[in-house]
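Here is the file my_file-v5.csv (CSV, C-alpha atoms).
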```
chain,number,residue,atom,x,y,z
A,261,ASP,CA,89.3,1.3,128.2
A,262,ALA,CA,88.2,0.9,131.9
A,263,GLY,CA,90.0,-2.5,132.2
A,264,ILE,CA,86.9,-4.5,132.8
A,265,THR,CA,86.5,-8.1,131.7
A,266,GLN,CA,83.2,-9.9,131.9
A,267,SER,CA,82.8,-13.7,131.7
A,268,PRO,CA,81.2,-15.6,130.3
A,269,ARG,CA,80.2,-13.3,127.4
A,270,HIS,CA,77.4,-15.7,126.4
A,271,LYS,CA,75.6,-18.4,128.4
A,272,VAL,CA,72.5,-20.5,127.8
A,273,THR,CA,71.2,-22.3,130.8
A,274,GLU,CA,68.0,-24.0,132.0
A,275,THR,CA,65.5,-22.8,134.5
A,276,GLY,CA,66.4,-23.7,138.1
A,277,THR,CA,70.2,-24.0,137.5
A,278,PRO,CA,72.7,-21.7,139.3
A,279,VAL,CA,74.6,-19.2,137.3
A,280,THR,CA,77.6,-17.0,138.2
A,281,LEU,CA,78.8,-14.1,136.2
A,282,ARG,CA,82.2,-12.7,136.8
A,283,CYS,CA,83.4,-9.1,136.5
A,284,HIS,CA,87.2,-8.6,136.7
A,285,GLN,CA,88.9,-5.2,136.8
A,286,THR,CA,92.6,-4.4,136.7
A,287,GLU,CA,92.7,-0.8,138.0
A,288,ASN,CA,91.9,-1.1,141.7
A,289,HIS,CA,88.6,0.7,141.4
A,290,ARG,CA,86.7,0.7,144.7
A,291,TYR,CA,83.1,0.9,143.3
A,292,MET,CA,81.7,-1.9,141.1
A,293,TYR,CA,78.2,-2.4,139.8
A,294,TRP,CA,76.0,-4.9,138.1
A,295,TYR,CA,73.2,-3.7,135.8
A,296,ARG,CA,70.8,-5.5,133.6
A,297,GLN,CA,69.5,-4.3,130.2
A,298,ASP,CA,66.2,-5.5,128.7
A,299,PRO,CA,64.2,-4.3,125.7
A,300,GLY,CA,61.7,-1.7,126.8
A,301,HIS,CA,63.6,-0.8,129.9
A,302,GLY,CA,66.6,1.3,130.6
A,303,LEU,CA,69.6,-0.2,132.3
A,304,ARG,CA,68.7,-1.1,135.9
A,305,LEU,CA,71.0,-1.5,138.9
A,306,ILE,CA,71.0,-5.0,140.5
A,307,HIS,CA,73.7,-4.7,143.2
A,308,TYR,CA,76.8,-2.7,143.8
A,309,SER,CA,79.9,-2.9,145.9
A,310,TYR,CA,81.9,-0.1,147.6
A,311,GLY,CA,84.8,-2.3,148.8
A,312,VAL,CA,85.8,-5.8,149.6
A,313,LYS,CA,82.9,-7.6,151.3
A,314,ASP,CA,80.9,-4.4,151.2
A,315,THR,CA,77.8,-4.7,148.9
A,316,ASP,CA,74.3,-3.2,148.7
A,317,LYS,CA,71.1,-3.8,146.8
A,318,GLY,CA,70.0,-1.9,143.8
A,319,GLU,CA,66.6,-1.4,142.2
A,320,VAL,CA,66.1,-5.0,140.9
A,321,SER,CA,68.0,-7.2,143.4
A,322,ASP,CA,65.4,-10.0,144.0
A,323,GLY,CA,66.8,-13.4,142.8
A,324,TYR,CA,70.4,-12.2,142.7
A,325,SER,CA,73.3,-12.3,145.1
A,326,VAL,CA,76.8,-10.8,144.8
A,327,SER,CA,80.2,-11.3,146.4
A,328,ARG,CA,83.4,-9.4,146.4
A,329,SER,CA,86.2,-11.2,148.2
A,330,LYS,CA,88.9,-9.4,146.2
A,331,THR,CA,89.1,-5.8,144.9
A,332,GLU,CA,89.4,-7.0,141.3
A,333,ASP,CA,86.5,-9.4,141.2
A,334,PHE,CA,82.7,-8.9,141.6
A,335,LEU,CA,80.6,-11.9,141.1
A,336,LEU,CA,76.9,-12.0,140.4
A,337,THR,CA,75.0,-15.2,141.2
A,338,LEU,CA,71.6,-16.4,140.2
A,339,GLU,CA,70.9,-19.1,142.7
A,340,SER,CA,68.1,-20.6,140.6
A,341,ALA,CA,67.8,-19.0,137.2
A,342,THR,CA,64.3,-18.1,135.9
A,343,SER,CA,63.2,-17.1,132.4
A,344,SER,CA,62.7,-13.6,133.6
A,345,GLN,CA,66.4,-13.3,134.2
A,346,THR,CA,67.1,-13.7,130.6
A,347,SER,CA,68.9,-10.4,129.9
A,348,VAL,CA,72.2,-8.7,129.1
A,349,TYR,CA,74.2,-8.1,132.2
A,350,PHE,CA,76.7,-5.3,132.4
A,351,CYS,CA,79.4,-4.7,135.0
A,352,ALA,CA,80.5,-1.1,135.6
A,353,ILE,CA,83.1,0.7,137.6
A,354,LYS,CA,83.4,4.2,138.9
A,355,SER,CA,86.8,5.6,138.2
A,356,ALA,CA,88.9,6.0,141.3
A,357,VAL,CA,90.4,9.1,139.9
A,358,SER,CA,87.1,10.7,138.9
A,359,ASN,CA,85.0,12.8,141.2
A,360,THR,CA,82.3,13.2,138.7
A,361,GLY,CA,80.1,10.2,139.1
A,362,GLU,CA,80.2,8.7,135.6
A,363,LEU,CA,80.4,4.9,135.3
A,364,PHE,CA,82.4,2.9,132.8
A,365,PHE,CA,80.9,-0.3,131.5
A,366,GLY,CA,82.1,-3.7,130.4
A,367,GLU,CA,81.1,-5.4,127.2
A,368,GLY,CA,78.3,-7.4,128.7
A,369,SER,CA,77.2,-10.9,129.4
A,370,ARG,CA,74.3,-12.2,127.5
A,371,LEU,CA,72.3,-14.8,129.5
A,372,THR,CA,69.5,-16.9,128.1
A,373,VAL,CA,67.4,-19.0,130.5
A,374,LEU,CA,65.3,-21.7,128.8
B,168,GLU,CA,59.8,9.0,141.7
B,169,ASP,CA,63.0,9.7,139.7
B,170,GLN,CA,62.4,9.2,136.0
B,171,VAL,CA,64.2,9.7,132.7
B,172,THR,CA,62.3,9.9,129.3
B,173,GLN,CA,64.1,10.0,126.0
B,174,SER,CA,62.6,11.0,122.7
B,175,PRO,CA,62.3,10.1,120.0
B,176,GLU,CA,62.7,6.3,120.4
B,177,ALA,CA,64.3,6.1,117.0
B,178,LEU,CA,65.6,8.7,114.6
B,179,ARG,CA,66.7,8.3,111.0
B,180,LEU,CA,68.9,11.0,109.4
B,181,GLN,CA,70.6,11.5,106.2
B,182,GLU,CA,74.3,12.1,106.4
B,183,GLY,CA,74.9,15.8,107.1
B,184,GLU,CA,71.3,16.4,108.4
B,185,SER,CA,71.7,17.9,111.9
B,186,SER,CA,69.2,17.1,114.6
B,187,SER,CA,68.7,16.8,118.4
B,188,LEU,CA,67.9,14.1,120.9
B,189,ASN,CA,65.9,14.9,124.0
B,190,CYS,CA,66.2,13.7,127.5
B,191,SER,CA,63.5,14.8,130.0
B,192,TYR,CA,64.0,14.1,133.6
B,193,THR,CA,62.4,14.4,137.0
B,194,VAL,CA,64.7,13.9,139.9
B,195,SER,CA,64.8,14.9,143.6
B,196,GLY,CA,67.9,17.0,143.2
B,197,LEU,CA,70.2,16.5,140.3
B,198,ARG,CA,73.7,15.4,141.1
B,199,GLY,CA,74.6,14.8,137.4
B,200,LEU,CA,73.3,14.0,134.0
B,201,PHE,CA,75.2,11.6,131.8
B,202,TRP,CA,75.1,10.8,128.1
B,203,TYR,CA,76.3,7.4,126.7
B,204,ARG,CA,76.6,5.9,123.3
B,205,GLN,CA,75.9,2.2,122.9
B,206,ASP,CA,76.8,0.2,119.7
B,207,PRO,CA,75.1,-3.2,119.1
B,208,GLY,CA,76.5,-5.9,121.3
B,209,LYS,CA,78.7,-3.5,123.2
B,210,GLY,CA,78.6,-1.8,126.6
B,211,PRO,CA,77.6,1.8,126.9
B,212,GLU,CA,80.5,4.2,126.2
B,213,PHE,CA,80.6,7.4,128.3
B,214,LEU,CA,80.3,10.7,126.4
B,215,PHE,CA,79.4,13.6,128.7
B,216,THR,CA,78.6,14.6,132.3
B,217,LEU,CA,76.5,17.8,132.9
B,218,TYR,CA,75.9,19.2,136.4
B,219,SER,CA,73.9,22.4,136.3
B,220,ALA,CA,71.5,24.2,134.1
B,221,GLY,CA,73.2,26.2,131.3
B,222,GLU,CA,76.1,23.9,131.1
B,223,GLU,CA,77.3,22.6,127.7
B,224,LYS,CA,79.8,20.0,126.6
B,225,GLU,CA,81.1,19.2,123.1
B,226,LYS,CA,82.9,16.4,121.5
B,227,GLU,CA,83.4,16.3,117.7
B,228,ARG,CA,79.9,16.5,116.2
B,229,LEU,CA,78.1,16.1,119.5
B,230,LYS,CA,77.1,18.8,121.9
B,231,ALA,CA,75.1,18.2,125.1
B,232,THR,CA,73.2,20.9,126.9
B,233,LEU,CA,71.3,21.0,130.1
B,234,THR,CA,68.2,22.9,131.5
B,235,LYS,CA,66.4,22.3,134.8
B,236,LYS,CA,64.0,19.8,133.2
B,237,GLU,CA,65.8,18.3,130.2
B,238,SER,CA,69.0,17.8,128.2
B,239,PHE,CA,69.6,17.8,124.5
B,240,LEU,CA,72.2,16.0,122.5
B,241,HIS,CA,72.8,18.0,119.4
B,242,ILE,CA,74.3,16.2,116.4
B,243,THR,CA,75.8,18.4,113.8
B,244,ALA,CA,76.4,17.1,110.3
B,245,PRO,CA,76.2,13.5,111.4
B,246,LYS,CA,78.1,10.7,109.6
B,247,PRO,CA,77.1,7.0,109.3
B,248,GLU,CA,79.5,6.1,112.1
B,249,ASP,CA,77.4,8.2,114.5
B,250,SER,CA,74.7,5.5,114.2
B,251,ALA,CA,74.2,4.0,117.6
B,252,THR,CA,71.8,4.1,120.5
B,253,TYR,CA,72.3,7.1,122.8
B,254,LEU,CA,71.5,6.7,126.4
B,255,CYS,CA,70.7,9.4,129.0
B,256,ALA,CA,71.0,8.8,132.7
B,257,VAL,CA,70.7,10.9,135.9
B,258,GLN,CA,72.0,10.6,139.4
B,259,ALA,CA,70.1,12.1,142.2
B,260,HIS,CA,71.4,13.6,145.4
B,261,GLY,CA,71.0,11.1,148.2
B,262,GLY,CA,70.8,8.2,145.8
B,263,SER,CA,72.8,5.1,146.2
B,264,GLN,CA,76.4,5.5,145.0
B,265,GLY,CA,76.4,4.9,141.3
B,266,ASN,CA,72.7,4.3,141.0
B,267,LEU,CA,72.2,6.0,137.7
B,268,ILE,CA,68.6,6.1,136.4
B,269,PHE,CA,68.7,5.4,132.7
B,270,GLY,CA,66.2,6.3,129.9
B,271,LYS,CA,65.3,3.7,127.3
B,272,GLY,CA,67.5,5.3,124.7
B,273,THR,CA,67.2,6.8,121.2
B,274,LYS,CA,68.3,4.7,118.3
B,275,LEU,CA,70.0,6.9,115.7
B,276,SER,CA,70.5,5.7,112.2
B,277,VAL,CA,72.5,7.9,109.8
B,278,LYS,CA,72.2,7.0,106.1
B,279,PRO,CA,75.0,7.9,103.6
```

Whole structure, structure tokens version:
Amino acid sequence: DAGITQSPRHKVTETGTPVTLRCHQTENHRYMYWYRQDPGHGLRLIHYSYGVKDTDKGEVSDGYSVSRSKTEDFLLTLESATSSQTSVYFCAIKSAVSNTGELFFGEGSRLTVL
Amino acid sequence: EDQVTQSPEALRLQEGESSSLNCSYTVSGLRGLFWYRQDPGKGPEFLFTLYSAGEEKEKERLKATLTKKESFLHITAPKPEDSATYLCAVQAHGGSQGNLIFGKGTKLSVKP
């Protein structure tokens, strides 16, 4: 158990509305990530953070922003949701005690944009 | 372009029928290759990391191997509880921290 909690776990929203997904971790990990998973695609990196207020873009960052004001929380925001952002979103961390690069994932947040 | 291809897309086995899943990759310098298991409605669960050709890792009925172009996940005498989607991912040297390139996965079904 990597101590990751994602919220909400399920959300249905309408096109054009803002949405924020939260990832909370309890083990002081420095690196946190947001991925999305869609049928026909592998998991794809949206944004990641390497410390408080330090973030960078991933492969599919358009339409998303992130913030990390505390070590334990990494927020993913869709400023104006579109139907193409219907997906399952996973938060992940890289263990602070591991030098080997593997990521540990949360349980996911399923977002439906109507 | 870094790429990961998994085959087959789906695999049905009888309980006890051993088989292998394939992960072919092209990457500009491999930092690590990762195997994950994902159950429906759950997040991926880490299984193995492999770093260099010839390396092998084992866990219960699973054994992962690595060559310069591909990795295999061997499943020996599978049980129904091994049913899941198995994901392969690679990380390239020089890539963004934690930017794992994932394959689309192999969905394994093991029938009793």

Contacts of Thr216 of chain B at 8 Å (only C-alpha atoms; same-chain gap of 5+ positions) as an MDAnalysis selection string: (chainID A and resid 360 362) or (chainID B and resid 199:202 224)

At a cut-off of 10 Å, which residues of chain B touch chain A? Count all atoms listed in the file and give the answer as a short mmCIF file (atom, residue, chain, number, x, y, z; two decimals) with C-alpha atoms, in the coordinates of the input.
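To be explicit, this is the file written out as out08.cif:
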```
data_model
loop_
_atom_site.label_atom_id
_atom_site.label_comp_id
_atom_site.auth_asym_id
_atom_site.auth_seq_id
_atom_site.Cartn_x
_atom_site.Cartn_y
_atom_site.Cartn_z
CA VAL B 171 64.20 9.70 132.70
CA THR B 172 62.30 9.90 129.30
CA ARG B 198 73.70 15.40 141.10
CA GLY B 199 74.60 14.80 137.40
CA LEU B 200 73.30 14.00 134.00
CA PHE B 201 75.20 11.60 131.80
CA TRP B 202 75.10 10.80 128.10
CA TYR B 203 76.30 7.40 126.70
CA GLY B 208 76.50 -5.90 121.30
CA LYS B 209 78.70 -3.50 123.20
CA GLY B 210 78.60 -1.80 126.60
CA PRO B 211 77.60 1.80 126.90
CA GLU B 212 80.50 4.20 126.20
CA PHE B 213 80.60 7.40 128.30
CA LEU B 214 80.30 10.70 126.40
CA PHE B 215 79.40 13.60 128.70
CA THR B 216 78.60 14.60 132.30
CA LEU B 217 76.50 17.80 132.90
CA TYR B 218 75.90 19.20 136.40
CA LEU B 254 71.50 6.70 126.40
CA CYS B 255 70.70 9.40 129.00
CA ALA B 256 71.00 8.80 132.70
CA VAL B 257 70.70 10.90 135.90
CA GLN B 258 72.00 10.60 139.40
CA SER B 263 72.80 5.10 146.20
CA GLN B 264 76.40 5.50 145.00
CA GLY B 265 76.40 4.90 141.30
CA ASN B 266 72.70 4.30 141.00
CA LEU B 267 72.20 6.00 137.70
CA ILE B 268 68.60 6.10 136.40
CA PHE B 269 68.70 5.40 132.70
CA GLY B 270 66.20 6.30 129.90
CA LYS B 271 65.30 3.70 127.30
CA GLY B 272 67.50 5.30 124.70
#
```

Have a look at atom CA of Thr243 of chain B and atom CA of Thr193 of chain B and let me know their distance in Å, one decimal.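 Going from atom CA of Thr243 of chain B over to atom CA of Thr193 of chain B covers 27.1 Å.
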
Which residues, written as a VMD selection string, have at least one atom at most 9 Å from Lys236 of chain B, with all atoms listed in the file counted and residues fewer than 5 positions away on the same chain left out? chain B and resid 190 to 194 220

Counting all atoms listed in the file, which residue out of B:Thr273, B:Ser238, B:Ala251, B:Glu223 sits closest to Gln205 of chain B?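 Nearest to Gln205 of chain B: B:Ala251.
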